[in-house]
$ cat data-v6.csv   # CSV, C-alpha atoms
chain,number,residue,atom,x,y,z
S,1,MET,CA,-19.9,-17.0,-57.8
S,2,GLY,CA,-22.1,-16.8,-54.7
S,3,GLU,CA,-25.5,-15.1,-55.1
S,4,GLY,CA,-28.1,-14.0,-52.6
S,5,ARG,CA,-29.9,-11.1,-51.1
S,6,ASP,CA,-29.8,-9.5,-47.7
S,7,PRO,CA,-33.5,-9.0,-46.8
S,8,GLN,CA,-32.5,-5.9,-44.8
S,9,GLY,CA,-31.1,-4.3,-48.0
S,10,GLY,CA,-27.5,-4.4,-46.7
S,11,ASN,CA,-24.3,-4.5,-48.7
S,12,ILE,CA,-23.4,-7.8,-50.5
S,13,GLU,CA,-19.9,-8.8,-51.2
S,14,VAL,CA,-19.4,-10.4,-54.5
S,15,ASN,CA,-16.2,-12.4,-55.0
S,16,VAL,CA,-15.4,-14.0,-58.3
S,17,HIS,CA,-12.4,-16.3,-58.1
S,18,SER,CA,-10.9,-18.3,-60.9
S,19,HIS,CA,-9.3,-21.7,-60.4
S,20,ARG,CA,-5.9,-21.4,-61.9
S,21,ASP,CA,-4.1,-24.4,-63.2
S,22,ASP,CA,-0.3,-24.1,-62.8
S,23,SER,CA,0.4,-27.1,-65.1
S,24,THR,CA,1.1,-26.4,-68.7
S,25,VAL,CA,-1.2,-27.4,-71.5
S,26,HIS,CA,0.5,-28.8,-74.6
S,27,ASN,CA,-1.0,-28.1,-77.9
S,28,GLY,CA,-0.2,-29.8,-81.1
S,29,HIS,CA,2.9,-27.7,-81.7
S,30,GLY,CA,4.4,-28.6,-78.4
S,31,ARG,CA,4.2,-25.1,-76.9
S,32,GLY,CA,3.0,-24.7,-73.3
S,33,SER,CA,0.1,-22.2,-72.6
S,34,GLN,CA,-2.3,-21.4,-69.8
S,35,PRO,CA,-6.0,-20.7,-70.1
S,36,SER,CA,-7.0,-17.0,-69.6
S,37,ASN,CA,-8.7,-16.3,-66.2
S,38,PRO,CA,-11.5,-13.8,-65.4
S,39,PRO,CA,-10.5,-11.0,-63.1
S,40,VAL,CA,-11.1,-11.1,-59.4
S,41,ILE,CA,-13.8,-8.7,-58.4
S,42,HIS,CA,-14.1,-7.3,-54.9
S,43,ASP,CA,-17.0,-4.9,-54.6
S,44,ARG,CA,-18.3,-4.2,-51.1
S,45,ASP,CA,-20.6,-1.5,-52.4
S,46,PHE,CA,-22.5,-3.7,-54.8
S,47,ARG,CA,-26.3,-3.6,-54.2
S,48,LEU,CA,-28.9,-5.6,-56.0
S,49,PHE,CA,-31.3,-2.7,-56.1
S,50,GLU,CA,-31.2,1.0,-55.8
S,51,ARG,CA,-32.3,2.4,-52.4
S,52,TRP,CA,-34.4,5.6,-52.3
S,53,PHE,CA,-34.5,8.4,-49.9
S,54,PRO,CA,-37.9,8.3,-48.1
S,55,TRP,CA,-39.7,11.6,-48.3
S,56,LEU,CA,-43.2,10.7,-49.4
S,57,VAL,CA,-44.2,8.7,-46.3
S,58,PRO,CA,-43.1,11.5,-43.9
S,59,THR,CA,-45.1,13.9,-46.1
S,60,PHE,CA,-48.1,11.7,-45.7
S,61,VAL,CA,-47.6,11.7,-42.0
S,62,PHE,CA,-47.3,15.5,-42.0
S,63,ALA,CA,-50.5,15.9,-44.1
S,64,ASN,CA,-52.5,13.6,-41.8
S,65,VAL,CA,-51.5,15.6,-38.8
S,66,VAL,CA,-52.2,18.9,-40.5
S,67,VAL,CA,-55.7,17.7,-41.6
S,68,PHE,CA,-56.4,16.6,-38.0
S,69,ILE,CA,-55.4,20.0,-36.7
S,70,VAL,CA,-57.6,21.8,-39.2
S,71,THR,CA,-60.5,19.4,-38.3
S,72,MET,CA,-60.1,20.4,-34.7
S,73,TYR,CA,-60.1,24.1,-35.6
S,74,VAL,CA,-63.3,23.7,-37.6
S,75,ASN,CA,-64.8,21.6,-34.8
S,76,ASP,CA,-64.4,24.5,-32.2
S,77,CYS,CA,-65.8,22.6,-29.3
S,78,PRO,CA,-66.2,25.6,-26.9
S,79,LYS,CA,-68.4,27.4,-29.4
S,80,ASN,CA,-70.5,24.4,-30.5
S,81,SER,CA,-70.8,22.6,-27.1
S,82,PHE,CA,-73.8,23.8,-25.2
S,83,ASN,CA,-72.9,22.4,-21.8
S,84,GLY,CA,-69.2,23.5,-21.9
S,85,SER,CA,-67.8,20.0,-21.1
S,86,CYS,CA,-65.0,20.1,-23.7
S,87,VAL,CA,-61.9,18.0,-22.8
S,88,ALA,CA,-58.6,20.0,-22.5
S,89,SER,CA,-60.4,23.3,-22.6
S,90,PHE,CA,-57.1,25.2,-22.2
S,91,LEU,CA,-56.6,24.4,-25.9
S,92,GLY,CA,-59.4,26.8,-26.8
S,93,ARG,CA,-61.1,26.0,-30.1
S,94,PHE,CA,-58.8,23.0,-30.5
S,95,SER,CA,-60.2,21.3,-27.4
S,96,PHE,CA,-61.8,17.9,-27.7
S,97,GLN,CA,-65.4,16.7,-27.6
S,98,PRO,CA,-66.6,15.2,-24.3
S,99,LEU,CA,-65.3,11.7,-23.9
S,100,LYS,CA,-68.8,10.2,-23.8
S,101,GLU,CA,-69.2,11.5,-27.3
S,102,ASN,CA,-65.8,10.8,-28.6
S,103,PRO,CA,-63.4,8.7,-26.4
S,104,LEU,CA,-60.5,9.1,-28.9
S,105,PHE,CA,-60.0,12.8,-28.0
S,106,GLY,CA,-61.2,14.2,-31.2
S,107,PRO,CA,-64.0,16.1,-33.0
S,108,SER,CA,-67.7,15.5,-33.3
S,109,ALA,CA,-69.2,13.2,-36.0
S,110,THR,CA,-70.8,16.2,-37.5
S,111,THR,CA,-67.5,17.9,-38.0
S,112,LEU,CA,-66.0,14.8,-39.5
S,113,GLY,CA,-68.9,14.7,-41.9
S,114,LYS,CA,-68.3,18.2,-43.0
S,115,MET,CA,-64.6,17.5,-43.6
S,116,GLY,CA,-65.3,14.5,-45.9
S,117,ALA,CA,-65.9,11.4,-43.8
S,118,LEU,CA,-67.2,8.4,-45.6
S,119,GLU,CA,-71.0,8.6,-45.5
S,120,VAL,CA,-72.7,6.1,-47.8
S,121,ASP,CA,-75.9,8.0,-48.2
S,122,LYS,CA,-74.0,11.1,-49.5
S,123,VAL,CA,-71.8,9.0,-51.8
S,124,VAL,CA,-74.8,7.2,-53.3
S,125,ARG,CA,-77.6,9.8,-53.2
S,126,GLU,CA,-75.6,13.0,-53.5
S,127,HIS,CA,-72.9,11.5,-55.8
S,128,GLU,CA,-70.0,12.5,-53.5
S,129,GLY,CA,-67.7,9.8,-54.6
S,130,TRP,CA,-64.7,11.8,-53.5
S,131,ARG,CA,-65.5,10.8,-49.9
S,132,LEU,CA,-64.0,7.4,-50.7
S,133,LEU,CA,-60.6,9.0,-50.8
S,134,SER,CA,-61.0,12.0,-48.5
S,135,CYS,CA,-61.9,9.8,-45.5
S,136,ILE,CA,-58.5,8.1,-45.5
S,137,TRP,CA,-56.9,11.5,-44.5
S,138,LEU,CA,-59.3,12.1,-41.6
S,139,HIS,CA,-59.1,10.6,-38.1
S,140,GLY,CA,-61.5,10.2,-35.3
S,141,GLY,CA,-59.2,11.6,-32.6
S,142,ALA,CA,-55.7,12.2,-31.4
S,143,ILE,CA,-55.2,8.5,-30.3
S,144,HIS,CA,-56.4,7.4,-33.7
S,145,VAL,CA,-54.1,9.6,-35.7
S,146,LEU,CA,-51.1,8.8,-33.4
S,147,ALA,CA,-51.5,5.0,-33.7
S,148,ASN,CA,-52.0,5.1,-37.5
S,149,MET,CA,-49.0,7.5,-38.1
S,150,LEU,CA,-46.7,5.4,-36.0
S,151,SER,CA,-47.7,2.4,-38.0
S,152,LEU,CA,-47.2,4.3,-41.3
S,153,VAL,CA,-43.7,5.3,-40.3
S,154,PHE,CA,-42.6,1.8,-39.3
S,155,ILE,CA,-44.1,0.1,-42.4
S,156,GLY,CA,-44.0,2.8,-45.1
S,157,VAL,CA,-40.4,4.2,-44.7
S,158,ARG,CA,-38.8,0.8,-45.3
S,159,LEU,CA,-41.0,0.1,-48.4
S,160,GLU,CA,-40.3,3.6,-49.8
S,161,GLN,CA,-36.5,3.0,-49.4
S,162,GLU,CA,-36.8,-0.3,-51.3
S,163,PHE,CA,-39.3,0.7,-54.1
S,164,GLY,CA,-39.4,4.4,-54.3
S,165,PHE,CA,-42.1,7.1,-53.8
S,166,VAL,CA,-44.1,6.5,-57.0
S,167,ARG,CA,-44.9,2.8,-56.4
S,168,ILE,CA,-45.5,3.2,-52.6
S,169,GLY,CA,-47.6,6.3,-53.2
S,170,ILE,CA,-49.9,4.5,-55.6
S,171,LEU,CA,-50.0,1.4,-53.4
S,172,TYR,CA,-51.1,3.6,-50.4
S,173,VAL,CA,-53.8,5.6,-52.1
S,174,ILE,CA,-55.4,2.8,-54.1
S,175,SER,CA,-55.4,0.5,-51.1
S,176,GLY,CA,-57.1,3.2,-49.0
S,177,PHE,CA,-59.7,3.6,-51.8
S,178,GLY,CA,-60.2,-0.2,-51.9
S,179,GLY,CA,-60.7,-0.3,-48.2
S,180,SER,CA,-63.3,2.6,-48.3
S,181,LEU,CA,-65.1,0.8,-51.2
S,182,LEU,CA,-65.5,-2.5,-49.4
S,183,SER,CA,-66.5,-0.7,-46.2
S,184,ALA,CA,-69.2,1.3,-48.0
S,185,LEU,CA,-70.6,-1.9,-49.5
S,186,PHE,CA,-71.1,-3.5,-46.1
S,187,ILE,CA,-71.4,-0.8,-43.5
S,188,GLN,CA,-74.0,1.7,-44.8
S,189,SER,CA,-74.8,3.6,-41.6
S,190,GLY,CA,-72.8,6.1,-39.6
S,191,ILE,CA,-69.5,7.5,-40.8
S,192,SER,CA,-66.0,6.0,-41.4
S,193,VAL,CA,-62.6,7.7,-41.2
S,194,GLY,CA,-59.0,6.7,-40.9
S,195,ALA,CA,-55.9,5.5,-42.8
S,196,SER,CA,-56.2,1.9,-41.6
S,197,GLY,CA,-57.2,0.6,-45.0
S,198,ALA,CA,-54.2,2.1,-46.7
S,199,LEU,CA,-51.9,0.8,-43.9
S,200,PHE,CA,-53.3,-2.7,-44.4
S,201,GLY,CA,-52.6,-2.3,-48.1
S,202,LEU,CA,-48.9,-1.7,-47.3
S,203,LEU,CA,-48.9,-5.0,-45.2
S,204,GLY,CA,-50.6,-6.8,-48.1
S,205,GLY,CA,-48.0,-5.4,-50.5
S,206,MET,CA,-45.2,-6.6,-48.3
S,207,LEU,CA,-46.7,-10.1,-48.3
S,208,SER,CA,-47.1,-10.4,-52.0
S,209,GLU,CA,-43.7,-8.8,-52.6
S,210,ILE,CA,-42.1,-11.7,-50.7
S,211,LEU,CA,-44.1,-14.2,-52.8
S,212,ILE,CA,-43.4,-12.7,-56.2
S,213,ASN,CA,-39.7,-12.2,-55.5
S,214,TRP,CA,-39.3,-15.5,-53.7
S,215,THR,CA,-36.1,-16.6,-55.4
S,216,ILE,CA,-34.0,-13.5,-54.3
S,217,TYR,CA,-34.8,-13.7,-50.6
S,218,ALA,CA,-32.7,-15.3,-47.9
S,219,ASN,CA,-34.6,-16.6,-44.8
S,220,LYS,CA,-37.7,-16.2,-46.9
S,221,VAL,CA,-39.9,-18.7,-44.9
S,222,ALA,CA,-39.2,-17.0,-41.6
S,223,ALA,CA,-40.0,-13.6,-43.1
S,224,LEU,CA,-43.2,-14.9,-44.7
S,225,LEU,CA,-44.4,-16.5,-41.5
S,226,THR,CA,-43.6,-13.4,-39.4
S,227,LEU,CA,-45.5,-11.2,-41.7
S,228,ILE,CA,-48.5,-13.5,-41.8
S,229,VAL,CA,-48.7,-13.6,-38.0
S,230,ILE,CA,-48.6,-9.8,-37.9
S,231,VAL,CA,-51.4,-9.5,-40.4
S,232,LEU,CA,-53.6,-12.1,-38.6
S,233,ILE,CA,-53.2,-10.3,-35.3
S,234,ASN,CA,-54.2,-7.0,-36.8
S,235,LEU,CA,-57.2,-8.5,-38.6
S,236,ALA,CA,-58.3,-10.2,-35.4
S,237,VAL,CA,-58.5,-6.9,-33.6
S,238,GLY,CA,-61.0,-5.9,-36.3
S,239,ILE,CA,-63.6,-8.3,-35.0
S,240,LEU,CA,-64.1,-6.0,-32.0
S,241,PRO,CA,-67.1,-3.6,-32.1
S,242,HIS,CA,-66.7,-0.1,-33.5
S,243,VAL,CA,-63.8,-1.2,-35.6
S,244,ASP,CA,-64.3,-1.2,-39.4
S,245,ASN,CA,-62.7,-4.5,-40.4
S,246,PHE,CA,-64.1,-4.3,-43.9
S,247,ALA,CA,-61.9,-1.3,-44.5
S,248,HIS,CA,-59.0,-3.4,-43.3
S,249,LEU,CA,-59.9,-6.3,-45.5
S,250,GLY,CA,-60.5,-4.2,-48.5
S,251,GLY,CA,-57.2,-2.4,-48.1
S,252,PHE,CA,-55.3,-5.6,-47.5
S,253,GLY,CA,-56.8,-7.3,-50.5
S,254,SER,CA,-56.1,-4.3,-52.8
S,255,GLY,CA,-52.5,-4.0,-51.5
S,256,PHE,CA,-51.9,-7.7,-51.8
S,257,LEU,CA,-52.9,-7.6,-55.5
S,258,LEU,CA,-51.0,-4.3,-56.1
S,259,GLY,CA,-47.9,-5.9,-54.6
S,260,PHE,CA,-47.8,-8.4,-57.5
S,261,ILE,CA,-48.1,-5.5,-60.0
S,262,LEU,CA,-45.9,-2.8,-58.5
S,263,LEU,CA,-43.3,-4.5,-56.4
S,264,ILE,CA,-42.0,-7.1,-58.8
S,265,ARG,CA,-38.2,-7.5,-58.9
S,266,PRO,CA,-36.0,-8.7,-61.8
S,267,GLN,CA,-34.5,-12.1,-61.3
S,268,PHE,CA,-31.0,-12.3,-59.8
S,269,LYS,CA,-29.3,-13.8,-62.8
S,270,TRP,CA,-30.6,-11.0,-65.0
S,271,ILE,CA,-29.2,-8.4,-62.7
S,272,SER,CA,-25.9,-10.2,-62.6
S,273,GLN,CA,-25.8,-10.4,-66.4
S,274,LYS,CA,-26.2,-6.6,-66.6
S,275,ARG,CA,-23.5,-5.9,-64.0
S,276,SER,CA,-20.9,-8.6,-64.8
S,277,PRO,CA,-18.5,-8.7,-67.7
S,278,SER,CA,-20.5,-10.1,-70.6
S,279,GLU,CA,-18.1,-13.0,-71.3
S,280,PHE,CA,-18.6,-14.4,-67.8
S,281,ALA,CA,-22.2,-13.5,-67.2
S,282,PRO,CA,-24.9,-16.2,-67.2
S,283,SER,CA,-27.2,-16.3,-70.2
S,284,VAL,CA,-30.6,-15.0,-69.2
S,285,LYS,CA,-33.0,-13.7,-71.9
S,286,HIS,CA,-36.0,-12.6,-69.7
S,287,LYS,CA,-36.0,-10.0,-67.0
S,288,HIS,CA,-38.6,-11.8,-64.9
S,289,LYS,CA,-39.5,-15.4,-64.4
S,290,PRO,CA,-42.6,-16.9,-66.0
S,291,TYR,CA,-44.5,-17.2,-62.7
S,292,GLN,CA,-43.9,-13.5,-62.1
S,293,TYR,CA,-45.5,-12.5,-65.4
S,294,ALA,CA,-48.4,-14.8,-64.6
S,295,LEU,CA,-49.0,-13.3,-61.2
S,296,TRP,CA,-48.7,-9.8,-62.5
S,297,LEU,CA,-51.4,-10.4,-65.2
S,298,LEU,CA,-53.7,-12.3,-62.9
S,299,SER,CA,-53.5,-9.7,-60.1
S,300,PHE,CA,-54.1,-6.8,-62.6
S,301,VAL,CA,-57.3,-8.5,-64.0
S,302,ILE,CA,-58.7,-9.3,-60.5
S,303,LEU,CA,-58.0,-5.9,-59.0
S,304,ALA,CA,-59.4,-3.9,-62.0
S,305,ALA,CA,-62.5,-6.1,-62.1
S,306,GLY,CA,-63.0,-5.9,-58.4
S,307,LEU,CA,-62.8,-2.1,-58.2
S,308,ILE,CA,-65.0,-1.6,-61.2
S,309,ALA,CA,-67.6,-4.0,-60.0
S,310,GLY,CA,-67.5,-2.5,-56.5
S,311,MET,CA,-68.1,1.0,-57.8
S,312,ILE,CA,-71.0,-0.2,-59.9
S,313,LEU,CA,-72.7,-2.0,-57.0
S,314,LEU,CA,-72.1,1.0,-54.6
S,315,PHE,CA,-73.7,3.6,-56.9
S,316,LYS,CA,-76.6,1.2,-57.5
S,317,GLY,CA,-77.2,1.3,-53.7
S,318,VAL,CA,-76.4,-2.4,-53.2
S,319,ASN,CA,-75.9,-3.6,-49.6
S,320,LEU,CA,-73.8,-6.7,-49.7
S,321,ASN,CA,-74.9,-7.7,-46.2
S,322,GLU,CA,-78.3,-8.6,-47.8
S,323,ARG,CA,-76.5,-11.0,-50.2
S,324,CYS,CA,-74.1,-12.5,-47.6
S,325,SER,CA,-75.8,-13.6,-44.4
S,326,TRP,CA,-72.5,-14.4,-42.5
S,327,CYS,CA,-70.2,-11.6,-43.8
S,328,HIS,CA,-71.0,-9.3,-40.9
S,329,TYR,CA,-69.0,-11.6,-38.7
S,330,LEU,CA,-65.9,-10.5,-40.5
S,331,SER,CA,-66.2,-7.1,-38.9
S,332,CYS,CA,-67.7,-7.9,-35.5
S,333,VAL,CA,-68.2,-11.2,-33.6
S,334,PRO,CA,-70.7,-10.8,-30.8
S,335,THR,CA,-69.8,-12.2,-27.4
S,336,SER,CA,-71.2,-12.1,-23.8
S,337,LYS,CA,-69.0,-9.0,-23.3
S,338,TRP,CA,-70.3,-6.9,-26.2
S,339,SER,CA,-73.0,-6.7,-28.8
S,340,CYS,CA,-72.6,-6.0,-32.5
S,341,GLN,CA,-76.1,-4.6,-32.9
S,342,GLU,CA,-76.3,-1.0,-34.1
S,343,HIS,CA,-78.2,1.2,-31.6
S,344,LYS,CA,-80.5,3.5,-33.5
S,345,ILE,CA,-80.8,7.0,-32.0
S,346,TYR,CA,-84.2,8.8,-32.0
S,347,CYS,CA,-84.9,12.2,-30.4
S,348,GLU,CA,-88.0,14.3,-30.0
S,349,THR,CA,-87.7,18.1,-30.1
S,350,THR,CA,-90.2,20.6,-28.7
S,351,GLU,CA,-90.0,24.4,-29.1
S,352,MET,CA,-90.7,26.4,-25.9
S,353,GLY,CA,-90.5,30.0,-26.8
S,354,SER,CA,-86.8,30.8,-27.5
S,355,GLN,CA,-85.7,27.5,-26.2
S,356,LEU,CA,-85.6,24.0,-27.6
S,357,ASN,CA,-86.2,20.8,-25.6
S,358,ILE,CA,-84.5,17.7,-26.9
S,359,THR,CA,-85.5,14.3,-25.5
S,360,CYS,CA,-83.8,11.0,-26.3
S,361,MET,CA,-86.5,8.4,-26.9
S,362,SER,CA,-84.3,5.4,-26.0
S,363,ASN,CA,-83.3,6.5,-22.4
S,364,GLY,CA,-85.7,9.4,-21.7
S,365,ARG,CA,-82.9,11.9,-21.1
S,366,SER,CA,-83.7,15.5,-22.1
S,367,ASP,CA,-82.1,18.9,-22.0
S,368,ILE,CA,-83.0,22.5,-23.0
S,369,TYR,CA,-80.9,24.6,-25.4
S,370,PRO,CA,-81.2,28.1,-27.0
S,371,LEU,CA,-83.3,27.8,-30.1
S,372,SER,CA,-81.5,30.6,-32.0
S,373,SER,CA,-78.1,29.0,-31.9
S,374,THR,CA,-79.2,25.4,-32.6
S,375,SER,CA,-79.0,24.3,-36.2
S,376,SER,CA,-80.1,20.9,-37.6
S,377,SER,CA,-76.5,19.5,-37.4
S,378,ASP,CA,-76.3,20.8,-33.8
S,379,MET,CA,-79.5,19.0,-33.0
S,380,GLN,CA,-78.1,15.7,-34.4
S,381,GLN,CA,-75.0,16.1,-32.3
S,382,LEU,CA,-77.0,16.9,-29.2
S,383,CYS,CA,-79.2,13.9,-29.7
S,384,THR,CA,-76.2,11.7,-30.0
S,385,ARG,CA,-74.8,13.1,-26.8
S,386,LEU,CA,-78.0,12.6,-24.9
S,387,CYS,CA,-78.6,9.1,-26.1
S,388,GLY,CA,-74.9,8.1,-25.5
S,389,GLY,CA,-74.8,8.7,-21.9
$ encode --input "data-v6.csv" --output "structure tokens"
Amino acid sequence: MGEGRDPQGGNIEVNVHSHRDDSTVHNGHGRGSQPSNPPVIHDRDFRLFERWFPWLVPTFVFANVVVFIVTMYVNDCPKNSFNGSCVASFLGRFSFQPLKENPLFGPSATTLGKMGALEVDKVVREHEGWRLLSCIWLHGGAIHVLANMLSLVFIGVRLEQEFGFVRIGILYVISGFGGSLLSALFIQSGISVGASGALFGLLGGMLSEILINWTIYANKVAALLTLIVIVLINLAVGILPHVDNFAHLGGFGSGFLLGFILLIRPQFKWISQKRSPSEFAPSVKHKHKPYQYALWLLSFVILAAGLIAGMILLFKGVNLNERCSWCHYLSCVPTSKWSCQEHKIYCETTEMGSQLNITCMSNGRSDIYPLSSTSSSDMQQLCTRLCGG
């Protein structure tokens, strides 16, 4: 009986053929008899595992797009922009911030903060831990959300077909949380948004799924090497400035461990035993192999300990960069073309009757705005714009 698995989830033909002996067998009484033979089974519809209809991943895509539209509605660039330089102004209140402020065609940092972006100060000092999850549903701009949602469709739909919405939903959300947590422990200034941590979690889950279900895969080495190359290329992009690679690493690590826990498959012989006639089935007592149980337990302990320890350190206000002198290179590597140094922004404000003069201290640029319509969040946004070019 041939056994194997199509890595693309296709049909597998199972043929069971007996070797019939046409010669007679003489017993002690001299009568001729033939041994009984198992039936021949032709089943072109046999599948090793159930395939699911993917609805959760498209729902996630829809939710991310809706949240981005709502964010742009709240942003209302024409109303909150004092110099009227919104991009795509024909979109009305859905128009984008000036490209010097946000080159991704999106809202202002102030709006993202209002909508739930990850801000470590608010998480630690104002106990807004929910931002660790809310930030994975926000995006910095149209380019950002488009790139992430295309990746989610290509990666997530296949996984949901193979493992179902419950396991992939848990994998996505917890990986996103793990990415936010590691990012908050290392990058404690500015804001962070995006589903990249959750997406890297799906990649990590795919990698560990191959490893823990190693015996049921055909062409397993090629699949493993291809996936490793894809992961390394994506992580390499994270060393560029303004990319939060700690979120990528945290999401990938969480997803990798969760893959051993959630995406474990029964061994092939156990499935064959359940689906074949009992008198011809191989004798297998355990659903999984010993190494699968060991990886499941080890991954669960490491993941639980890591998330709990990370939460404790975060709410204590610990900055892991102070305890790891080289870790910042994991997120940005300085070269002659760019710098990884954070540029602090300082502005000086002066009231002149009903007007407010804001001057950027780093480049000396200044501008005058109506005092009555300028809130503290508006002043922060204006300062960022003046100092940014």
$ residues_near_point --input "data-v6.csv" --point "(-44.8, -13.7, -60.4)" --cutoff "12 Å" --atoms "all atoms listed in the file" --output "MDAnalysis selection string"
chainID S and resid 208:215 257 259:267 287:300
$ closest_residue --input "data-v6.csv" --among "S:Leu313, S:Val153, S:Leu91, S:Ala222" --to "S:Pro78" --atoms "all atoms listed in the file"
S:Leu91
$ residues_around --input "data-v6.csv" --residues "S:Ser192" --least-positions-apart "3" --cutoff "12 Å" --atoms "all atoms listed in the file" --output "MDAnalysis selection string"
chainID S and resid 109:110 112:113 115:120 131:140 179:184 186:189 195:197 242:248
$ closest_residue --input "data-v6.csv" --among "S:Ile312, S:His144, S:Asn357, S:Gly190" --to "S:Leu104" --atoms "all atoms listed in the file"
S:His144
$ atom_distance --input "data-v6.csv" --atom1 "atom CA of S:Phe90" --atom2 "atom CA of S:Val74"
16.7 Å
$ atom_distance --input "data-v6.csv" --atom1 "atom CA of S:Gly250" --atom2 "atom CA of S:Asn148"
16.7 Å
$ atom_distance --input "data-v6.csv" --atom1 "atom CA of S:Gly310" --atom2 "atom CA of S:Gly201"
17.1 Å
$ closest_residue --input "data-v6.csv" --among "S:Cys360, S:Leu314, S:Leu146, S:Ile168" --to "S:Glu128" --atoms "all atoms listed in the file"
S:Leu314
$ closest_residue --input "data-v6.csv" --among "S:Pro241, S:Gly255, S:Gly317, S:Pro58" --to "S:Cys332" --atoms "all atoms listed in the file"
S:Pro241
$ closest_residue --input "data-v6.csv" --among "S:Lys269, S:Glu322, S:Asn102, S:Ala223" --to "S:His286" --atoms "only C-alpha atoms"
S:Lys269
$ residues_around --input "data-v6.csv" --residues "S:Ile69" --least-positions-apart "6" --cutoff "10 Å" --atoms "all atoms listed in the file" --output "list in words"
Ala63, Asn75, Phe94, Gly106 and Ala142 of chain S
$ closest_residue --input "data-v6.csv" --among "S:Leu232, S:Leu99, S:Val123, S:Glu160" --to "S:Lys316" --atoms "all atoms listed in the file"
S:Val123
$ residues_around --input "data-v6.csv" --residues "S:Ile358" --least-positions-apart "4" --cutoff "6 Å" --atoms "all atoms listed in the file" --output "VMD selection string"
chain S and resid 348 to 349 366 to 367
